[in-house]
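Chemist: This is the structure, below, for whatever I ask next.
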Amino acid sequence: MQSGQNIVSHILLGQVAKWLTQSALVGEDLETIVRGFCERLAAAGLPVCRIHLSFSMLHPLYDALGFTWRRSGGMTIEGYRHVAEDKQELFLQSPYYYLLDHNLQHMRRILTPEAPNEFPIFEDLKKEGVTDYFAFVQPFSGNSVQGMMGSWSTDSLTGFSDDMIEALLSLQNHLAVAAKMAVLSKLANNMLTTYLGADAGKRVLNGQVRRGDGETIRAALVIGDMRQSSFYAEKEGRQAYIDMLNQFFDAIATPFNSNGGAILSFLGDGFLAVYPCGRHKEPSKVACRAALAAAYQAQARMTELNRSRAEDGRPAIRFGMGLHVGNVMFGNVGLRDRLTFSAFGSAVNEVQRLQVLTKKYDSEIVGSHAFASYCGGHWTELGEEKLRGIRQKLTILKPDPQRTLALNENRPLDLLEDGLSEAEQVILLHRDKRRSTTAVKQLNL
C-alpha cells in the first residue's frame, strides 16, 4: 500500500492526453492504446494500482472484451462469446450493474477493512489493498449502448484526492475518443473479414472497391454442399434448420479457413473455399495438398458431428465435396451500389459440377485429375465425364485416405470447442440494452 498524499502533475497528465490523441490519429489498435494509457497514467504519478476497462461495439460474432491492468502484474485481456446463465446472479451484484440500473455515470466507494462488502468484488479488492474505488460508464454517443465502462482503484492510504478524480474524468474523455477510433477501425476490419473472408476483406480495405476491380489468380478450389437440404428445411422447421446449417458449416467448413485457405462465400447450404497459389508446379502442389488435408479433416469432423447427432436421435447429415485447381477471376461484381467479392470463371463452374458428381459416384470427396496429380498419393479413378459447357472430358477420381500421402495435420477435433481464437479477442458486442448489461457479468469487474 502506498502512503502519503500524491501530488498530481497536470503537465505529465497533459502528456498522457497528448499521447492518446496521437495514438488515435496514427490508428493504433485498442490493446496498444489501453496498455500504453495505463502505463503512462501510473508513470505520471497517479497512485492507481488497478484499472479495469471494457468496450462495447456492434460486431456479428463477438460478445465481450475486457482489459485489467495491475501495477504489480501488467495487463490481462479477457474475451467472451456469450453470457453464462450461472453467472447472472454475480453480475446483478456488481458495481457496473448498479450504475446501469440506476442510470448513473459514476460511483465511488472508500474501502476500509471494516466497511461492509456492498458488492462481492469489494472483498477481492480489499485483499489487493485497494482503499478507494471509482467506477464509471461512458457511452460513445447519446442514444447508444456502444461505449466504455471501467473502474479505477488505488491503494494509497489517503485514497483519490479531488485533483486526481478531476484528472481521471478528464483523461477518461480522451481515452474514450482514442478507444472509439480504434474500435471503429477494428470493427471495419472485422466486419469485412467476417463477411468476405480474410483475403477478400484485406483487398477491399486496401482500396479494391470499384465494380470490375480484380485479378486472375491460380488457386486450389473446394466446393462443399449439404445433401437433402430441402427435405431437412421442410421437416425441421425454420430455426431448427438454421441451427443445423450452422452446425454443418462449423464442422465441414472450418478446416478450409486456415493453412492458406479461405472461405470465400457461402452458397445456400454450401460453401466455396480457395487456396491461392503461384502458377508454377511447387506452389500448386502446396495449395492442393493443403486443400486435401482440410478435406480429410472436414470429413473427420462430419463423422464426429453425425455421431453426436445419432446420440441425440437425429439423422446424419450427408454431404459432398469437389476438389479442383485452375485459374479463377477474383474481384468485385454486381450493381453499381451493391457489390460482392467473389471468384468466378470456368474453374469455379467445373468444381461446382465435380461436387454434384459425388452423388453419382457415391463418394463424399471427388477431385479432378489436375488436382490429384499435384497432391500425389493414391487415387481411384471413377470415370470420365463431359461437363456441361466444357469441351474436354474430365477424369474424376476419389482419394484413398489410407494410402494417400499423410497430409493431415495432427490437430485435435475442435468441433464442439467453445474457446476463443485470437480474432475473437477483438471487440465487444451489445445488441441491445439487455445484452449490454448482462454481457459484462463475465468480465472481471
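Simple scheme: letters A, B, ... for chains in C-alpha cells order, numbers from 1 for residues in each chain, numbers from 1 for ligands in the order shown.
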Neighbours of region 376-384 of chain A within 12 Å (only C-alpha atoms; same-chain residues fewer than 5 positions away dropped), as a ChimeraX atom specification?
Modeler: /A:284-286,288-289,292,354,357-358,360-363,365-371,392-407
Chemist: Save the residues we just selected, C-alpha atoms, as an mmCIF file, in the first residue's frame?
Modeler:
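Wrote selection-v7.cif, looks like this:
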```
data_model
loop_
_atom_site.group_PDB
_atom_site.id
_atom_site.type_symbol
_atom_site.label_atom_id
_atom_site.label_comp_id
_atom_site.auth_asym_id
_atom_site.auth_seq_id
_atom_site.Cartn_x
_atom_site.Cartn_y
_atom_site.Cartn_z
ATOM 1 C CA SER A 284 0.252 -25.557 -56.844
ATOM 2 C CA LYS A 285 1.297 -28.725 -55.001
ATOM 3 C CA VAL A 286 1.349 -26.888 -51.670
ATOM 4 C CA CYS A 288 -3.700 -28.680 -53.402
ATOM 5 C CA ARG A 289 -2.192 -30.691 -50.561
ATOM 6 C CA LEU A 292 -6.925 -32.125 -49.449
ATOM 7 C CA LEU A 354 -17.472 -32.021 -59.652
ATOM 8 C CA LEU A 357 -20.846 -35.862 -59.197
ATOM 9 C CA THR A 358 -20.276 -37.073 -55.630
ATOM 10 C CA LYS A 360 -23.423 -40.223 -58.925
ATOM 11 C CA TYR A 361 -20.273 -41.958 -57.659
ATOM 12 C CA ASP A 362 -21.459 -42.239 -54.042
ATOM 13 C CA SER A 363 -18.276 -40.667 -52.719
ATOM 14 C CA ILE A 365 -14.967 -36.391 -51.915
ATOM 15 C CA VAL A 366 -14.073 -36.326 -55.599
ATOM 16 C CA GLY A 367 -11.335 -34.445 -57.402
ATOM 17 C CA SER A 368 -10.177 -33.666 -60.908
ATOM 18 C CA HIS A 369 -7.136 -35.330 -62.468
ATOM 19 C CA ALA A 370 -5.293 -31.986 -62.357
ATOM 20 C CA PHE A 371 -5.903 -31.662 -58.623
ATOM 21 C CA GLN A 392 -12.885 -31.908 -72.992
ATOM 22 C CA LYS A 393 -13.926 -34.690 -70.665
ATOM 23 C CA LEU A 394 -12.657 -34.545 -67.103
ATOM 24 C CA THR A 395 -11.237 -37.578 -65.377
ATOM 25 C CA ILE A 396 -12.939 -37.978 -61.991
ATOM 26 C CA LEU A 397 -11.078 -39.546 -59.073
ATOM 27 C CA LYS A 398 -11.563 -40.103 -55.375
ATOM 28 C CA PRO A 399 -8.743 -40.091 -52.821
ATOM 29 C CA ASP A 400 -7.843 -43.085 -50.693
ATOM 30 C CA PRO A 401 -7.107 -41.614 -47.253
ATOM 31 C CA GLN A 402 -5.398 -44.830 -46.161
ATOM 32 C CA ARG A 403 -2.876 -44.747 -48.987
ATOM 33 C CA THR A 404 -2.701 -41.082 -49.925
ATOM 34 C CA LEU A 405 0.201 -39.072 -48.553
ATOM 35 C CA ALA A 406 -0.161 -38.217 -44.851
ATOM 36 C CA LEU A 407 -1.400 -34.704 -45.411
#
```
Chemist: Wanna dump the region 159-179 of chain A-region 129-133 of chain A contacts at 10 Å for me, each residue with its shortest atom pair and the distance in Å to one decimal, counting only C-alpha atoms, ordered by chain and number, as JSON lines?
Modeler:
```
{"residue": "A:Gly159", "atom": "CA", "partner": "A:Asp132", "partner_atom": "CA", "distance": 5.1}
{"residue": "A:Phe160", "atom": "CA", "partner": "A:Asp132", "partner_atom": "CA", "distance": 6.5}
{"residue": "A:Ser161", "atom": "CA", "partner": "A:Asp132", "partner_atom": "CA", "distance": 10.0}
```
Chemist: Rounded to one decimal place, report the CA of Asp312 (chain A)-CA of Gly270 (chain A) distance in Å.
Modeler: 24.2 Å
Chemist: Need to verify the contact set: Phe37 (chain A), 9 Å, only C-alpha atoms, exclusion of same-chain residues closer than 5 positions in sequence. Can you return it as a ChimeraX atom specification?
Modeler: /A:16-17,19-20,32,42,175
Chemist: Would you mind exporting the chosen residues as a short mmCIF file (atom, residue, chain, number, x, y, z; two decimals), in the first residue's frame, restricted to C-alpha atoms?
Modeler:
```
data_model
loop_
_atom_site.label_atom_id
_atom_site.label_comp_id
_atom_site.auth_asym_id
_atom_site.auth_seq_id
_atom_site.Cartn_x
_atom_site.Cartn_y
_atom_site.Cartn_z
CA VAL A 16 -0.83 11.34 -21.43
CA ALA A 17 -3.74 13.12 -23.10
CA TRP A 19 -0.24 10.64 -26.43
CA LEU A 20 -3.85 9.38 -26.63
CA THR A 32 -1.84 -0.75 -27.63
CA ALA A 42 0.95 5.28 -13.49
CA LEU A 175 -9.35 7.68 -23.66
#
```
Chemist: Just want the 10 Å neighbourhood of region 257-259 of chain A, counted on only C-alpha atoms, with same-chain residues fewer than 6 positions away dropped. Output as an NGL selection string.
Modeler: :A and (197-198 or 273-275 or 286-287 or 290-291 or 293-294)
Chemist: Take the residues from that selection and write them out as an mmCIF file, in the first residue's frame, keeping C-alpha atoms.
Modeler:
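Saved to selection.cif:
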```cif
data_model
loop_
_atom_site.group_PDB
_atom_site.id
_atom_site.type_symbol
_atom_site.label_atom_id
_atom_site.label_comp_id
_atom_site.auth_asym_id
_atom_site.auth_seq_id
_atom_site.Cartn_x
_atom_site.Cartn_y
_atom_site.Cartn_z
ATOM 1 C CA GLY A 197 -13.034 -13.615 -45.578
ATOM 2 C CA ALA A 198 -9.540 -12.521 -44.561
ATOM 3 C CA ALA A 273 -13.091 -22.196 -50.428
ATOM 4 C CA VAL A 274 -9.982 -21.027 -52.286
ATOM 5 C CA TYR A 275 -6.266 -21.669 -51.795
ATOM 6 C CA VAL A 286 1.349 -26.888 -51.670
ATOM 7 C CA ALA A 287 -2.117 -25.422 -52.234
ATOM 8 C CA ALA A 290 -3.423 -28.142 -48.026
ATOM 9 C CA ALA A 291 -6.905 -28.312 -49.547
ATOM 10 C CA ALA A 293 -5.688 -32.131 -45.854
ATOM 11 C CA ALA A 294 -8.549 -29.806 -44.940
#
```
Chemist: Pick the closest to Leu171 (chain A) from A:Arg309, A:Cys38, A:Pro95, A:Leu221: which is it, counting only C-alpha atoms?
Modeler: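 Looking only at the distances to Leu171 (chain A), the closest residue turns out to be A:Cys38.
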Chemist: May I ask for the distance between CA of Lys235 (chain A) and CA of Arg318 (chain A), given in Å to one decimal place?
Modeler: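 These two atoms are separated by 15.6 Å.
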Chemist: Name the residues in contact with Val26 (chain A) at a cut-off of 10 Å, using only C-alpha atoms, excluding same-chain residues fewer than 4 positions from it; report them as an NGL selection string.
Modeler: :A and (21-22 or 182)
Chemist: For the selection you just gave me, I'd like the residues written to a file as a tab-separated table (two decimals), in the first residue's frame, keeping C-alpha atoms.
Modeler:
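Generated output (part_14.tsv):
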```
chain	number	residue	atom	x	y	z
A	21	THR	CA	-4.63	11.92	-29.34
A	22	GLN	CA	-1.54	10.97	-31.36
A	182	ALA	CA	-9.54	2.09	-32.54
```
Chemist: Given the choices A:Leu53, A:Ala43, A:Leu245, A:Met226, which gets closest to Tyr96 (chain A) if the distance is worked out from only C-alpha atoms?
Modeler: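 Looking only at the distances to Tyr96 (chain A), the closest residue turns out to be A:Leu53.
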Chemist: Which residues in region 316-385 of chain A does DSSP call alpha helix (DSSP H)? List them as a PyMOL selection string.
Modeler: chain A and resi 346-360+369-375
Chemist: Store the residues picked out above in a file with N, CA and C atoms, as a compact mmCIF listing (two decimals), in the first residue's frame.
Modeler:
```txt
# COMPACT_ATOMS: atom_id res chain seq x y z
N SER A 346 -14.39 -20.43 -65.44
CA SER A 346 -14.62 -21.83 -65.81
C SER A 346 -14.21 -22.80 -64.71
N ALA A 347 -13.09 -22.52 -64.02
CA ALA A 347 -12.64 -23.44 -62.97
C ALA A 347 -13.65 -23.53 -61.83
N VAL A 348 -14.31 -22.40 -61.51
CA VAL A 348 -15.33 -22.41 -60.47
C VAL A 348 -16.53 -23.22 -60.92
N ASN A 349 -16.92 -23.07 -62.18
CA ASN A 349 -18.03 -23.86 -62.71
C ASN A 349 -17.69 -25.35 -62.69
N GLU A 350 -16.44 -25.67 -63.00
CA GLU A 350 -16.03 -27.08 -63.04
C GLU A 350 -16.04 -27.71 -61.65
N VAL A 351 -15.55 -26.99 -60.65
CA VAL A 351 -15.52 -27.58 -59.31
C VAL A 351 -16.93 -27.74 -58.76
N GLN A 352 -17.86 -26.84 -59.15
CA GLN A 352 -19.24 -26.99 -58.74
C GLN A 352 -19.84 -28.27 -59.33
N ARG A 353 -19.54 -28.56 -60.59
CA ARG A 353 -20.09 -29.76 -61.22
C ARG A 353 -19.41 -31.02 -60.69
N LEU A 354 -18.14 -30.89 -60.31
CA LEU A 354 -17.47 -32.02 -59.65
C LEU A 354 -18.17 -32.38 -58.35
N GLN A 355 -18.54 -31.36 -57.60
CA GLN A 355 -19.23 -31.60 -56.33
C GLN A 355 -20.54 -32.35 -56.56
N VAL A 356 -21.27 -32.01 -57.61
CA VAL A 356 -22.53 -32.69 -57.90
C VAL A 356 -22.29 -34.16 -58.21
N LEU A 357 -21.14 -34.48 -58.82
CA LEU A 357 -20.85 -35.86 -59.20
C LEU A 357 -20.58 -36.78 -58.00
N THR A 358 -20.41 -36.20 -56.81
CA THR A 358 -20.28 -37.07 -55.63
C THR A 358 -21.54 -37.90 -55.42
N LYS A 359 -22.68 -37.39 -55.90
CA LYS A 359 -23.93 -38.15 -55.79
C LYS A 359 -23.90 -39.37 -56.72
N LYS A 360 -23.45 -39.14 -57.95
CA LYS A 360 -23.42 -40.22 -58.92
C LYS A 360 -22.47 -41.33 -58.51
N HIS A 369 -8.46 -34.73 -62.23
CA HIS A 369 -7.14 -35.33 -62.47
C HIS A 369 -6.04 -34.30 -62.20
N ALA A 370 -6.29 -33.03 -62.58
CA ALA A 370 -5.29 -31.99 -62.36
C ALA A 370 -5.02 -31.82 -60.87
N PHE A 371 -6.07 -31.81 -60.07
CA PHE A 371 -5.90 -31.66 -58.62
C PHE A 371 -5.14 -32.86 -58.05
N ALA A 372 -5.53 -34.07 -58.43
CA ALA A 372 -4.90 -35.27 -57.89
C ALA A 372 -3.44 -35.36 -58.27
N SER A 373 -3.08 -34.91 -59.48
CA SER A 373 -1.69 -35.00 -59.92
C SER A 373 -0.77 -34.12 -59.08
N TYR A 374 -1.30 -33.00 -58.57
CA TYR A 374 -0.49 -32.14 -57.70
C TYR A 374 -0.38 -32.71 -56.29
N CYS A 375 -1.42 -33.42 -55.85
CA CYS A 375 -1.40 -33.96 -54.48
C CYS A 375 -0.50 -35.18 -54.37
```
